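**Student:** Below you'll find structure_12.csv; it's CSV, C-alpha atoms.
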chain,number,residue,atom,x,y,z
A,1,MET,CA,120.2,68.9,113.3
A,2,PRO,CA,120.8,65.3,113.9
A,3,ASP,CA,118.2,63.3,115.7
A,4,ASP,CA,120.7,62.6,118.6
A,5,TYR,CA,121.3,66.3,119.3
A,6,GLN,CA,120.7,66.6,123.1
A,7,ILE,CA,120.9,69.4,125.6
A,8,GLU,CA,120.4,69.4,129.4
A,9,ILE,CA,117.2,71.2,130.4
A,10,LYS,CA,116.8,72.3,134.0
A,11,GLY,CA,113.3,71.8,135.3
A,12,LEU,CA,112.3,69.3,132.6
A,13,ASP,CA,110.6,67.1,135.1
A,14,ARG,CA,108.4,70.0,136.2
A,15,LEU,CA,107.8,71.0,132.6
A,16,LEU,CA,106.6,67.5,131.7
A,17,ALA,CA,104.3,67.4,134.7
A,18,ALA,CA,102.9,70.9,133.6
A,19,PHE,CA,102.4,69.5,130.1
A,20,LYS,CA,99.7,67.1,131.5
A,21,GLN,CA,97.8,70.1,132.9
A,22,PHE,CA,98.7,72.7,130.2
A,23,PRO,CA,99.5,70.8,127.0
A,24,ARG,CA,98.9,73.7,124.6
A,25,GLN,CA,100.8,76.3,126.6
A,26,VAL,CA,103.8,74.1,127.2
A,27,ALA,CA,104.0,72.8,123.6
A,28,LYS,CA,103.8,76.4,122.3
A,29,ALA,CA,106.5,77.5,124.6
A,30,MET,CA,108.8,74.7,123.5
A,31,GLY,CA,108.0,75.4,119.9
A,32,ASP,CA,109.0,79.0,120.5
A,33,ALA,CA,112.2,77.9,122.2
A,34,GLY,CA,113.0,75.7,119.2
A,35,ASP,CA,112.3,78.4,116.7
A,36,GLU,CA,114.5,80.8,118.6
A,37,ALA,CA,117.3,78.2,118.9
A,38,ALA,CA,117.1,77.3,115.2
A,39,LYS,CA,117.4,81.0,114.2
A,40,GLU,CA,120.4,81.3,116.4
A,41,ILE,CA,122.0,78.4,114.7
A,42,LEU,CA,121.3,79.9,111.3
A,43,LYS,CA,123.2,83.0,112.2
A,44,THR,CA,126.5,81.0,112.5
A,45,ARG,CA,129.1,82.3,110.1
A,46,GLY,CA,129.2,80.0,107.0
A,47,ALA,CA,125.8,78.5,107.8
A,48,GLY,CA,122.3,79.6,107.2
A,49,TRP,CA,121.9,83.2,106.4
A,50,ASN,CA,125.5,84.2,107.2
A,51,TYR,CA,127.6,83.4,104.1
A,52,PRO,CA,131.4,83.0,104.5
A,53,GLY,CA,133.5,85.6,102.7
A,54,LYS,CA,133.8,85.7,99.0
A,55,THR,CA,136.7,83.9,97.3
A,56,ALA,CA,138.4,84.0,93.9
A,57,ALA,CA,135.5,81.8,92.6
A,58,ASN,CA,133.3,84.9,93.0
A,59,ALA,CA,135.3,87.2,90.8
A,60,PRO,CA,136.5,87.3,87.2
A,61,PRO,CA,137.9,85.8,85.0
A,62,THR,CA,135.1,83.7,83.7
A,63,PRO,CA,133.7,81.4,84.7
A,64,TYR,CA,132.9,82.7,88.2
A,65,TYR,CA,129.9,82.7,90.5
A,66,ILE,CA,127.9,85.7,91.4
A,67,ARG,CA,126.0,85.1,94.6
A,68,GLY,CA,122.2,85.4,94.2
A,69,VAL,CA,122.5,85.4,90.4
A,70,GLY,CA,124.5,82.4,89.1
A,71,THR,CA,127.6,81.4,87.1
A,72,GLU,CA,129.0,84.0,84.8
A,73,THR,CA,130.4,82.5,81.6
A,74,ALA,CA,131.9,83.9,78.5
A,75,HIS,CA,128.4,83.7,77.0
A,76,GLY,CA,126.5,85.4,79.8
A,77,ASN,CA,125.1,84.4,83.2
A,78,LEU,CA,123.5,81.0,83.6
A,79,MET,CA,121.1,82.4,86.2
A,80,ASN,CA,121.5,79.2,88.2
A,81,SER,CA,121.5,80.6,91.7
A,82,GLU,CA,118.7,79.2,93.9
A,83,ARG,CA,119.5,81.9,96.5
A,84,LEU,CA,120.5,79.4,99.2
A,85,GLY,CA,120.5,81.9,102.0
A,86,THR,CA,116.8,82.8,101.4
A,87,LYS,CA,115.5,79.2,101.3
A,88,TRP,CA,115.9,78.3,104.9
A,89,VAL,CA,112.7,76.9,106.6
A,90,VAL,CA,112.2,76.6,110.3
A,91,LYS,CA,109.1,74.6,110.9
A,92,ARG,CA,107.4,73.3,114.0
A,93,GLU,CA,106.3,69.7,113.9
A,94,ARG,CA,102.8,68.7,114.9
A,95,GLY,CA,102.4,69.1,118.6
A,96,GLY,CA,104.8,72.0,118.8
A,97,TRP,CA,107.7,70.3,120.7
A,98,ASN,CA,110.0,69.6,117.8
A,99,VAL,CA,111.4,72.1,115.3
A,100,ARG,CA,112.9,71.1,112.0
A,101,VAL,CA,115.4,73.2,110.1
A,102,GLY,CA,115.7,72.7,106.3
A,103,ASN,CA,116.5,74.4,103.1
A,104,VAL,CA,114.7,73.9,99.8
A,105,ALA,CA,117.6,74.7,97.5
A,106,SER,CA,118.6,71.6,95.5
A,107,TYR,CA,122.3,71.9,96.4
A,108,THR,CA,121.9,72.4,100.2
A,109,ASP,CA,123.3,69.0,101.1
A,110,LYS,CA,126.5,69.7,99.2
A,111,VAL,CA,126.9,73.0,101.0
A,112,HIS,CA,125.5,72.4,104.5
A,113,GLY,CA,124.7,68.7,104.7
A,114,PRO,CA,126.5,65.5,105.5
A,115,ARG,CA,127.7,65.3,101.9
A,116,GLN,CA,129.3,68.7,101.9
A,117,VAL,CA,131.8,69.2,99.1
A,118,ALA,CA,135.2,69.3,100.8
A,119,ALA,CA,136.3,72.5,98.9
A,120,LEU,CA,133.3,74.3,100.3
A,121,GLY,CA,134.2,73.4,103.9
A,122,ARG,CA,137.7,74.6,103.3
A,123,ILE,CA,136.5,78.1,102.3
A,124,GLY,CA,134.2,78.5,105.2
A,125,TRP,CA,130.8,76.9,104.5
A,126,VAL,CA,129.7,75.1,107.6
A,127,LYS,CA,127.6,71.9,107.9
A,128,LEU,CA,124.3,72.6,109.7
A,129,THR,CA,125.2,69.9,112.3
A,130,ASP,CA,128.5,71.6,113.0
A,131,ALA,CA,126.7,75.0,113.4
A,132,ALA,CA,124.3,73.4,115.9
A,133,GLU,CA,127.2,72.0,117.8
A,134,LYS,CA,129.0,75.4,117.9
A,135,LYS,CA,125.8,76.9,119.3
A,136,ARG,CA,125.1,74.2,121.8
A,137,THR,CA,125.6,76.5,124.8
A,138,GLN,CA,123.3,79.2,123.4
A,139,VAL,CA,120.7,76.6,122.4
A,140,THR,CA,120.8,75.2,126.0
A,141,ARG,CA,120.4,78.7,127.5
A,142,THR,CA,117.5,79.4,125.2
A,143,TYR,CA,115.6,76.3,126.2
A,144,ASN,CA,116.3,76.7,129.9
A,145,ARG,CA,115.2,80.4,129.7
A,146,TRP,CA,111.9,79.3,128.0
A,147,VAL,CA,111.3,76.5,130.5
A,148,LYS,CA,111.9,78.9,133.4
A,149,TYR,CA,109.6,81.5,131.8
A,150,THR,CA,106.8,78.9,131.0
A,151,LEU,CA,106.8,77.5,134.5
A,152,ALA,CA,106.6,80.9,136.1
A,153,LYS,CA,103.9,82.0,133.7
A,154,LEU,CA,101.9,78.9,134.6
A,155,GLY,CA,102.4,79.7,138.3
A,156,LEU,CA,104.5,76.5,138.9
Do you think you could lay out the structure here as structure tokens?
**Tutor:**
Amino acid sequence: MPDDYQIEIKGLDRLLAAFKQFPRQVAKAMGDAGDEAAKEILKTRGAGWNYPGKTAANAPPTPYYIRGVGTETAHGNLMNSERLGTKWVVKRERGGWNVRVGNVASYTDKVHGPRQVAALGRIGWVKLTDAAEKKRTQVTRTYNRWVKYTLAKLGL
């Protein structure tokens, strides 16, 4: 997600005050919220784990691409799939507050990044930033639920 992705969190002032008293508990809760939110974003159709529908590029005649395997040519399969959908990483940054979403496949940027190939966007692949924007309401709800839960658990 872009660095300027912002949501409104109700009770943030109380949560920040609680952080001074319970830093580990609050940081863990916000990491859990980020983890849950990131996984929700990755469920978006055309992003993350949820591939768009197959197209003519995924069926004969050669050359065509077999998802999870690679490009089928007249001379056999190139075995060049990096299995994009299985390479997503959701990682908490040190301190627990921030969560990063990434993918280690070499072509991720061309499929889900700011340099997405236009043809891929036209057939349903979604930039990760657009997926995050589509899920803004759910992400906001997730964080607000975690803040409410954390404050209640800490007796605040």
**Student:** When you draw a straight line from atom CA of Ser81 of chain A to atom CA of Arg67 of chain A, how long is it in Å?
**Tutor:** 7.0 Å
**Student:** Would you tabulate, counting only C-alpha atoms, all residues of segment 62-130 of chain A that have an atom at most 7 Å from an atom of segment 23-38 of chain A, showing the closest pair of atoms and their distance in Å to one decimal, sorted by chain then ascending number, as CSV?
**Tutor:**
residue,atom,partner,partner_atom,distance
A:Val90,CA,A:Asp35,CA,6.6
A:Arg92,CA,A:Gly31,CA,6.3
A:Gly95,CA,A:Ala27,CA,6.4
A:Gly96,CA,A:Gly31,CA,4.8
A:Trp97,CA,A:Gly31,CA,5.2
A:Asn98,CA,A:Gly31,CA,6.5
A:Val99,CA,A:Gly34,CA,5.5
A:Val101,CA,A:Ala38,CA,6.8
**Student:** So which residues touch Tyr5 of chain A within 10 Å, counting all atoms listed in the file, skipping near sequence neighbours fewer than 4 positions away, as a short mmCIF file (atom, residue, chain, number, x, y, z; two decimals) with C-alpha atoms, in the frame of the given file?
**Tutor:**
data_model
loop_
_atom_site.label_atom_id
_atom_site.label_comp_id
_atom_site.auth_asym_id
_atom_site.auth_seq_id
_atom_site.Cartn_x
_atom_site.Cartn_y
_atom_site.Cartn_z
CA MET A 1 120.20 68.90 113.30
CA THR A 129 125.20 69.90 112.30
CA ALA A 132 124.30 73.40 115.90
CA GLU A 133 127.20 72.00 117.80
CA ARG A 136 125.10 74.20 121.80
#
**Student:** Which residues, written as a CSV table (one decimal) with C-alpha atoms, in the frame of the given file, have at least one atom at most 10 Å from Leu84 of chain A, with only C-alpha atoms counted and residues fewer than 3 positions away on the same chain left out?
**Tutor:**
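Wrote out.csv, looks like this:
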chain,number,residue,atom,x,y,z
A,48,GLY,CA,122.3,79.6,107.2
A,49,TRP,CA,121.9,83.2,106.4
A,51,TYR,CA,127.6,83.4,104.1
A,67,ARG,CA,126.0,85.1,94.6
A,68,GLY,CA,122.2,85.4,94.2
A,81,SER,CA,121.5,80.6,91.7
A,87,LYS,CA,115.5,79.2,101.3
A,88,TRP,CA,115.9,78.3,104.9
A,103,ASN,CA,116.5,74.4,103.1
A,104,VAL,CA,114.7,73.9,99.8
A,105,ALA,CA,117.6,74.7,97.5
A,106,SER,CA,118.6,71.6,95.5
A,107,TYR,CA,122.3,71.9,96.4
A,108,THR,CA,121.9,72.4,100.2
A,111,VAL,CA,126.9,73.0,101.0
**Student:** Given the choices A:Leu128, A:His75, A:Arg94, A:Gln6, which gets closest to Asp109 of chain A if the distance is worked out from all atoms listed in the file?
**Tutor:**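 Looking only at the distances to Asp109 of chain A, the closest residue turns out to be A:Leu128.
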**Student:** Using all atoms listed in the file, can you tell me which of A:Thr150, A:Thr71, A:Thr55, A:Thr44 comes closest to Ala18 of chain A?
**Tutor:**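 Ranked by minimum distance to Ala18 of chain A, first place goes to A:Thr150.
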**Student:** I want to know what sits within 10 Å of Lys54 of chain A, based on all atoms listed in the file, with residues of the same chain fewer than 5 positions away left out; could you give that as a list in words?
**Tutor:**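 Listed by chain and then number, they are Ala59, Tyr65, Ile66, Arg67, Ile123 and Gly124 of chain A.
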**Student:** How many Å lie between atom CA of Ile9 of chain A and atom CA of Asn144 of chain A, rounded to one decimal?
**Tutor:** 5.6 Å
**Student:** Go ahead and compute the interatomic distance for atom CA of Val69 of chain A and atom CA of Glu82 of chain A, in Å to one decimal.
**Tutor:**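 Between atom CA of Val69 of chain A and atom CA of Glu82 of chain A the gap is 8.1 Å.
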**Student:** Would you pick out the contacts of Glu8 of chain A at 12 Å or less, using all atoms listed in the file, so that residues sharing its chain but fewer than 2 positions from it are not included, and give the list as a PDB file with C-alpha atoms, in the coordinates of the input?
**Tutor:**
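out_15.pdb, freshly written:
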ATOM      1  CA  TYR A   5     121.300  66.300 119.300  1.00  0.00           C
ATOM      2  CA  GLN A   6     120.700  66.600 123.100  1.00  0.00           C
ATOM      3  CA  LYS A  10     116.800  72.300 134.000  1.00  0.00           C
ATOM      4  CA  GLY A  11     113.300  71.800 135.300  1.00  0.00           C
ATOM      5  CA  LEU A  12     112.300  69.300 132.600  1.00  0.00           C
ATOM      6  CA  ASP A  13     110.600  67.100 135.100  1.00  0.00           C
ATOM      7  CA  ARG A 136     125.100  74.200 121.800  1.00  0.00           C
ATOM      8  CA  THR A 137     125.600  76.500 124.800  1.00  0.00           C
ATOM      9  CA  GLN A 138     123.300  79.200 123.400  1.00  0.00           C
ATOM     10  CA  VAL A 139     120.700  76.600 122.400  1.00  0.00           C
ATOM     11  CA  THR A 140     120.800  75.200 126.000  1.00  0.00           C
ATOM     12  CA  ARG A 141     120.400  78.700 127.500  1.00  0.00           C
ATOM     13  CA  THR A 142     117.500  79.400 125.200  1.00  0.00           C
ATOM     14  CA  TYR A 143     115.600  76.300 126.200  1.00  0.00           C
ATOM     15  CA  ASN A 144     116.300  76.700 129.900  1.00  0.00           C
ATOM     16  CA  VAL A 147     111.300  76.500 130.500  1.00  0.00           C
TER      17      VAL A 147
END
**Student:** Starting from the point (130.7, 72.2, 105.6), work out which residues of protein, DNA or RNA have an atom no more than 9 Å away when counting all atoms listed in the file; state them as a compact mmCIF listing (two decimals) with C-alpha atoms, in the coordinates of the input.
**Tutor:**
# COMPACT_ATOMS: atom_id res chain seq x y z
CA GLY A 46 129.20 80.00 107.00
CA ALA A 47 125.80 78.50 107.80
CA LYS A 110 126.50 69.70 99.20
CA VAL A 111 126.90 73.00 101.00
CA HIS A 112 125.50 72.40 104.50
CA GLY A 113 124.70 68.70 104.70
CA PRO A 114 126.50 65.50 105.50
CA ARG A 115 127.70 65.30 101.90
CA GLN A 116 129.30 68.70 101.90
CA VAL A 117 131.80 69.20 99.10
CA ALA A 118 135.20 69.30 100.80
CA ALA A 119 136.30 72.50 98.90
CA LEU A 120 133.30 74.30 100.30
CA GLY A 121 134.20 73.40 103.90
CA ARG A 122 137.70 74.60 103.30
CA ILE A 123 136.50 78.10 102.30
CA GLY A 124 134.20 78.50 105.20
CA TRP A 125 130.80 76.90 104.50
CA VAL A 126 129.70 75.10 107.60
CA LYS A 127 127.60 71.90 107.90
CA LEU A 128 124.30 72.60 109.70
CA THR A 129 125.20 69.90 112.30
CA ASP A 130 128.50 71.60 113.00
**Student:** Pick out the closest residue to Glu40 of chain A from this set: A:Lys91, A:Lys20, A:Arg14, A:Lys135. Count only C-alpha atoms.
**Tutor:**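 Between A:Lys91, A:Lys20, A:Arg14, A:Lys135, the residue approaching Glu40 of chain A most closely is A:Lys135.
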